[in-house]
Amino acid sequence: MKIKKAVKGKSQNKAKVKVKTMAGVKNSSASKVKKKASAKSPAKKSSDRAKKSKPLPIKPPSLEGKGIRELAAAISSYIKALGFDPVLTGQGCAAVYGGSGVHLRGLEFVVSEYVSKKIETAMKELGFKHLVHRTYGSESLSMEVSFLPPPVCVGDEMVGDIPMIKTSSGELSLLSPTDCVRHRLAYYYRFGNKDGLDEALIVARKNKVDLDLIERWSHWEWASDKFQDFHDLLRGSM
């Protein structure tokens with residue numbers, strides 16, 4: 001009988017220990033849940049803060065009533081002030097050098113870095129809506145602005161020297177007249193684009209260009225025959 005009582009008492013003690021142990025596990029797991037919940041809340045707040053777009057550091061310029069030269073400079077200066085380095089190429093560059101003779105459809109800037117959120121916000125401030133990829137459009141200006149990846153090239157050749165002009169709307173980095181002619185001729189050489197040929201002729205007629213350099217480059221572009229067409233048209237109009 002004594003032996004049975006001792007066993008019974010021992011089993012009751014074990015049951016009490018188990019109850020205490022389970023209670024301790026519950027309490028510790030509950031505290032862990034609380035700690036996890038409290039750890040998550042600051043991260044959630046920081047992510048909410050990150051979602052809110054930061055205001056741009058400078059005010060956007062007005063683009064109304066500007067000629068192509070001042071318009072390109074205003075957009076370029078604004079983008080540059082935000083930490084980018086735009087270089088005007090393409091039709092826009094031809095329009096700066098060639099004037100109203102160039103039928104402008106849009107501006108093309110080469111940028112070494114493209115931060116989509118930042119540039120999209122900047123272009124929205126200027127009144128442009130994102131259209132596709134790196135292109136933005138403005139209904140009021142009837143114009144598109146595109147941002148192209150580096151490097152700055154004319155055909156297969158990289159451009160080293162980038163001139164800068166000063167305007168009433170700010171500074172504008174762009175191709176030189178000679179490189180602008182080469183850039184437009186590249187479209188004619190490679191795609192038979194007659195607009196490219198016409199734009200090259202307009203720029204060459206209104207600006208001093210290095211025809212010897214253009215001829216040598218045309219030879220490396222396998223387009224000596226097409227350069228001769230350009231040269232004959234240019235000489236015929238002089």
# chains A, B, ... in the order shown; residues from 1 in each chain; ligands from 1

call {"tool": "select_by_dssp", "arguments": {"residues": "segment 30-222 of chain A", "states": "strand (DSSP E)", "output": "MDAnalysis selection string"}}
result
chainID A and resid 87:89 106:110 129:132 135:138 143:148 153:154 157:158 164:167 170:173

call {"tool": "residues_around", "arguments": {"residues": "segment 138-146 of chain A", "least_positions_apart": "2", "cutoff": "12 Å", "atoms": "only C-alpha atoms", "output": "number ranges by chain"}}
result
A: 62-68, 71-72, 75-76, 79, 86-92, 103-111, 114, 119-120, 123-136, 148-149

call {"tool": "closest_residue", "arguments": {"among": "A:Arg182, A:Lys166, A:Lys117, A:Lys194", "to": "Val154 of chain A", "atoms": "only C-alpha atoms"}}
result
A:Arg182

call {"tool": "residues_around", "arguments": {"residues": "Ser169 of chain A", "least_positions_apart": "5", "cutoff": "8 Å", "atoms": "only C-alpha atoms", "output": "ChimeraX atom specification"}}
result
/A:70-71,73-74,77

call {"tool": "closest_residue", "arguments": {"among": "A:Ala186, A:Val115, A:Ala81, A:Val96", "to": "Arg69 of chain A", "atoms": "only C-alpha atoms"}}
result
A:Val96

call {"tool": "atom_distance", "arguments": {"atom1": "atom CA of Ile162 of chain A", "atom2": "atom CA of Leu185 of chain A"}}
result
18.5 Å

call {"tool": "closest_residue", "arguments": {"among": "A:Arg184, A:Arg205, A:Arg190, A:Arg235", "to": "Trp222 of chain A", "atoms": "only C-alpha atoms"}}
result
A:Arg190

call {"tool": "closest_residue", "arguments": {"among": "A:Thr121, A:Cys93, A:Ser100, A:Asn193", "to": "Pro60 of chain A", "atoms": "only C-alpha atoms"}}
result
A:Thr121

call {"tool": "closest_residue", "arguments": {"among": "A:Glu215, A:Glu113, A:Asp179, A:Asp210", "to": "Gly155 of chain A", "atoms": "only C-alpha atoms"}}
result
A:Asp179

call {"tool": "select_by_dssp", "arguments": {"residues": "segment 115-175 of chain A", "states": "alpha helix (DSSP H)", "output": "list of chain:residue names"}}
result
A:Ser116, A:Lys117, A:Lys118, A:Ile119, A:Glu120, A:Thr121, A:Ala122, A:Met123, A:Lys124, A:Glu125

call {"tool": "closest_residue", "arguments": {"among": "A:Val181, A:Ser116, A:Ser168, A:Leu211", "to": "Pro61 of chain A", "atoms": "only C-alpha atoms"}}
result
A:Ser168

call {"tool": "atom_distance", "arguments": {"atom1": "atom CA of Val209 of chain A", "atom2": "atom CA of Gly236 of chain A"}}
result
16.4 Å

call {"tool": "residues_around", "arguments": {"residues": "Thr178 of chain A", "least_positions_apart": "5", "cutoff": "10 Å", "atoms": "only C-alpha atoms", "output": "list of chain:residue names"}}
result
A:His183, A:Ala200, A:Val203, A:Ala204, A:Asn207, A:Lys208, A:Val209, A:Asp210, A:Leu211, A:Leu213, A:Ile214

call {"tool": "write_last_selection", "arguments": {"atoms": "C-alpha atoms", "output": "short mmCIF file (atom, residue, chain, number, x, y, z; two decimals), in the first residue's frame"}}
result
data_model
loop_
_atom_site.label_atom_id
_atom_site.label_comp_id
_atom_site.auth_asym_id
_atom_site.auth_seq_id
_atom_site.Cartn_x
_atom_site.Cartn_y
_atom_site.Cartn_z
CA HIS A 183 24.04 61.48 -87.37
CA ALA A 200 21.80 66.70 -93.16
CA VAL A 203 22.40 71.67 -91.36
CA ALA A 204 25.39 71.60 -93.73
CA ASN A 207 26.69 75.75 -90.60
CA LYS A 208 30.40 75.22 -91.11
CA VAL A 209 31.04 71.45 -91.26
CA ASP A 210 34.11 69.30 -91.92
CA LEU A 211 33.29 67.61 -95.25
CA LEU A 213 35.85 64.10 -91.99
CA ILE A 214 32.31 63.27 -93.14
#

call {"tool": "atom_distance", "arguments": {"atom1": "atom CA of Val102 of chain A", "atom2": "atom CA of Ile202 of chain A"}}
result
7.6 Å

call {"tool": "residues_around", "arguments": {"residues": "Glu221 of chain A", "least_positions_apart": "3", "cutoff": "8 Å", "atoms": "only C-alpha atoms", "output": "list in words"}}
result
Gly155, Asp156, Tyr189, Trp217, Ser218 and Ser224 of chain A
